[in-house]
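The structure under discussion appears below in the form of structure tokens.
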Amino acid sequence: MSAPEHTPPTGLDLPAAPPLVEHPEVEWRRLDPRMLVVTPLNSLISLLPVLVGVVLFSSGDWGRLAFGAALVVLVVAAGVVRWLTTRYRITDDQVELHTGWLVRKRLATPRERIRTVDLTAKPAHRLFGLSTVRVGTGRQALGSEAATLALDAVTSAEAERLRQVLLRRPTSARDTPGAPDSPDTPNAPVPPPATVLAAFSPAWLRYAPLSTSGLAAAGALFTTALNLADDLRINLDEVARVRAAVRWLVESPLPVIITTLAGAALVLVLVCSMLVYLVQFWGHRLTREADNTIRARRGLLTTRSVSVKEHQLRGVEVSEPLLVRAGRGARVAAVTTGLGRTGESSLLLPPVPRALAQRVAAAVLRLPTAPTSAPLTRHPRRALARRLVRAVTPVPVLAAALWAAHALAWLPAWPARLALVAVLPAVLLAVDRYRALGHALTDEYLVSRANSVVRRTVALRRTGIIGWRVSQSWFQRRAGLLTLMATTAAGHGGYEVQDVGQTRGLALADAAVPGLLTPFLVPVTGPHQGQDPGEPAGDDQPVRRSAG
Amino acid sequence: MNSPDTTVPPPYPLAGQLRLREPEHRVSRRAVTWWTLRALIGWLVLMIPQLVALLVLPGTGWLAWTLLASAVLGVAHTAVMPTWRYRVHRWETTPQAVYTQAGWINQEWRVAPTSRIQTVDTKRGPLQQALNLATVTVTTASAAGPLHIEGLDHDLAVRLVDELTETTQASKGDAT
């Protein structure tokens with residue numbers, strides 16, 4: 001249907017481009033016609049504050065009303081143009097999407113490169129039974145948004161069918177060539193039975209107030225409410241009840257003021273965090289589908305379903321933010337190729353009880369016990385010294401700076417004194433960071449744990465390691481420590497084993513991927529080379545997972 | 001499929017203390033000149049505005065001190081860093097892997113198996129062109145894994161790229 005690509009007259013002797021393969025047998029399809037309503041609706045919802053501002057307070061000003069009307073017309077027109085110009089088709093070997101009117105985009109993704117399929121339905125989509133289909137490839141986030149192929153939107157049934165068709169290996173015998181895309185395929189796959197690995201339970205809500213997102217949500221909601229009141233020209237001072245409450249509070253004794261404010265803040269945080277948790281994770285269901293994909297579904301208003309091909313999975317990450325850890329909770333994410341580096345989409349389980357998190361991690365990897373719960377080998381004491389230096393040094397530096405400011409009479413003396421008090425939390429942080437450090441090697445996985453504020457335990461499939469980075473700072477060289485990073489095509493691209501003993505770290509890397517590092521390893525000969533004081537016997541003892 | 005995933009017990013076969021040996025080849029001797037020039041330019045970019053401000057703007061006497069500090073640090077850095085780097089920066093290719101060592105105060109070793117190499121390319125800035133040097137970058141499917149060999153003789157770099165490209169094309173698969 002497109003004009004043949006003609007070679008630009010560059011005068012360069014470039015090899016001819018491979019011929020553009022067209023599949024006339026597969027028909028182009030449009031997005032669902034209901035998008036003519038949904039796209040403008042979504043845009044209007046996001047423009048609502050502006051429209052309300054323009055229309056409600058125009059007070060008969062025709063110019064402002066006309067501006068509002070023009071905005072609506074423009075939004076509707078944009079939706080129509082988008083629908084008219086967007087077409088997609090799924091051929092035997094690729095997914096193609098043509099979109100845009102002034103700027104035309106043509107996206108094509110080879111089906112063999114498809115790693116993940118993400119179905120999202122915003123509230124407006126759900127009202128009309130539609131879903132957006134996003135196709136993730138192995139490419140690591142390079143201008144991620146532009147490169148993702150998204151069909152926004154098709155009917156939810158079609159989305160589900162596409163999910164299955166796209167995740168199936170294109171070479172599969174079940175794939176009827178030429179006809180995988182016709183709307184009324186008689187052999188449309190019946191929804192296959194799926195194994196449920198985890199399902200939302202109201203008991204998980206107790207982790208909601210322990211996550212920082214709850215706190216952030218409370219703050220956001222509070223400011224939004226204030227802004228809205230401001231936009232709607234409601235002067236809070238003029239509402240009699242608010243005024244009475246403020247007066248009562250101001251005239252109360254100090255302890256009453258403090259407890260009231262703290263109680264109100266606590267209630268606000270509790271309610272908001274639970275709301276956020278519910279909105280994000282309501283109906284969370286982690287399943288293994290019959291076609292060997294791991295699928296996570298969740299959402300109260302916007303529903304989201306992320307499917308990962310099982311053979312793209314390179315491991316799991318169990319992370320425990322400080323407060324969640326204190327409540328013996330953890331969340332689980334997939335280490336996989338094809339998802340962006342942001343944690344959001346790879347999340348398999350929100351904060352849940354840790355024991356459940358480990359059980360699910362094991363089930364996802366098809367193992368009886370999770371490698372992330374394997375006993376870990378502690379790192380040498382010298383690593384503790386490093387943590388301490390790194391955590392504590394900023395404190396006296398800050399105190400000295402504040403004291404200098406005091407000496408120059410810019411500041412009173414108390415900030416400097418107060419800064420010194422920070423030594424205690426700094427020491428606690430350092431000790432906790434050290435206690436987190438550990439590694440293990442299992443038959444199939446390299447396991448590494450680190451960090452305190454968000455303690456992360458990563459189990460990386462040993463066959464998924466595609467290289468090593470070994471780094472030593474000057475201080476690490478003196479202490480005989482090193483930081484080992486296993487590079488991989490999945491997740492963050494590399495996972496670290498921090499501050500491991502030099503010999504232990506190198507031996508670990510050598511054992512994890514046999515042969516790769518071997519030709520480059522030599523025994524330490526001279527007494528001056530690679531100072532690695534013998535690992536104390538205590539370093540070899542496995543540590544039990546510390547109870548929160 | 002549900003076979004237990006047992007922990008491989010430490011200690012792994014430890015025969016005494018281990019270290020990474022130095023890769024076989026040094027980079028070009030001209031890399032020292034390149035690093036020196038680069039450091040010099042960096043410090044001049046930092047110092048010239050200070051000097052101008054000191055001479056032109058009134059009441060900026062304290063800039064004399066920061067300028068002095070910059071000068072001392074700059075001279076020390078420019079004198080020490082290039083030769084130190086030259087002692088550290090090394091590279092090696094084997095039929096199985098590419099291996100590099102880099103850094104000076106902080107050092108880093110990187111290994112990538114040839115079967116996982118995705119692209120091999122060279123890059124030359126104006127300074128490197130003037131000195132007939134090139135940087136070879138070897139990328140894998142990992143965002144964290146590229147290997148850089150800085151300051152290679154340009155002809156050698158071209159030959160290395162050809163050789164690695166040939167080896168890479170011989171191996172199949174999408175290298176993830």
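We name chains A, B, ... following the order of the structure tokens; residues begin at 1 in each chain, and ligands are numbered from 1 as shown.
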Using only C-alpha atoms and a cut-off of 6 Å, which residues of chain A sit close to chain B? Please list them as a list in words.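 Per the criterion, chain A yields Arg366, Leu367, Pro368, Leu441, Thr442, Asp443, Gly467, Trp468, Arg469, Val470, Ser471, Gln472, Ser473, Trp474, Thr487, Thr488, Ala489, Gly493, Gly494, Thr503, Phe520, Leu521, Val522, Pro523 and Val524 of chain A.
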Non-local contacts of segment 294-309 of chain A (9 Å; only C-alpha atoms; under 2 positions in same chain excluded) as a ChimeraX atom specification: /A:114-126,131,163,167-168,200,278-289,291-292,311-313,334,336-339,345-349,364
Among segment 140-176 of chain B, which ones does DSSP assign to strand (DSSP E or B) (computed from the backbone)? Answer as a list in words. Thr140, Leu147, His148, Ile149, Glu150, Gly151, Leu152 and Asp153 of chain B
From a backbone DSSP assignment, name each residue in segment 37-67 of chain B labelled alpha helix (DSSP H), as a VMD selection string. chain B and resid 37 to 56 63 to 67
Proximity to Ala459 of chain A - best of A:Ala333, A:Ala400, A:Val513, A:Leu197, only C-alpha atoms: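 Once distances to Ala459 of chain A are computed over only C-alpha atoms, the minimum belongs to A:Ala333.
When atom CA of Ala385 of chain A is paired with atom CA of Arg417 of chain A, their separation reads 24.8 Å.
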Non-local contacts of Val120 of chain B (10 Å; only C-alpha atoms; under 6 positions in same chain excluded) as a ChimeraX atom specification: /B:136-140,146-148,160-165,168
Can you tell me which residues surround Val76 of chain A at a distance of at most 9 Å, considering only C-alpha atoms, apart from same-chain residues fewer than 5 positions away, and format the answer as a PDB file with C-alpha atoms, in the first residue's frame?
ATOM      1  CA  LEU A  36     -13.483   8.067  18.637  1.00  0.00           C
ATOM      2  CA  VAL A  37     -15.170   8.694  21.980  1.00  0.00           C
ATOM      3  CA  THR A  39      -9.509   9.435  23.130  1.00  0.00           C
ATOM      4  CA  PRO A  40     -11.289  12.823  23.423  1.00  0.00           C
ATOM      5  CA  LEU A  41     -12.793  11.704  26.726  1.00  0.00           C
ATOM      6  CA  SER A  43      -7.936  14.192  26.917  1.00  0.00           C
ATOM      7  CA  LEU A  71     -10.436  23.483  22.899  1.00  0.00           C
ATOM      8  CA  VAL A  81      -7.640  12.134  13.002  1.00  0.00           C
TER       9      VAL A  81
END
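Shell of Val32 of chain B at 9 Å, with only C-alpha atoms counted and residues fewer than 6 places along the chain excluded, is Met81, Pro82, Thr83, Arg85, Tyr86 and Gly151 of chain B.
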Print the selection's residues with C-alpha atoms to a file, as a PDB file, in the first residue's frame.
ATOM      1  CA  MET B  81      47.144  10.993  35.971  1.00  0.00           C
ATOM      2  CA  PRO B  82      48.385  10.311  32.392  1.00  0.00           C
ATOM      3  CA  THR B  83      51.415   8.198  33.310  1.00  0.00           C
ATOM      4  CA  ARG B  85      46.710   5.626  33.521  1.00  0.00           C
ATOM      5  CA  TYR B  86      49.282   4.408  31.002  1.00  0.00           C
ATOM      6  CA  GLY B 151      43.881   5.493  23.126  1.00  0.00           C
TER       7      GLY B 151
END
Which neighbours of Val335 of chain A fall inside 8 Å, counting only C-alpha atoms, when residues of the same chain fewer than 5 positions from it are skipped, and could you give them as a ChimeraX atom specification? /A:313-317,346,460,490-491
Work out how far apart atom CA of Asp510 of chain A and atom CA of Val458 of chain A are and give it in Å to one decimal. 18.5 Å
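You can rank B:Trp34, B:Arg90, B:Leu156, B:Ala79 by their closest distance to Pro126 of chain B using only C-alpha atoms, and at the top of that list sits B:Trp34.
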Expressed in Å to a single decimal, how great is the separation between atom CA of Trp65 of chain B and atom CA of Leu402 of chain A? 21.1 Å
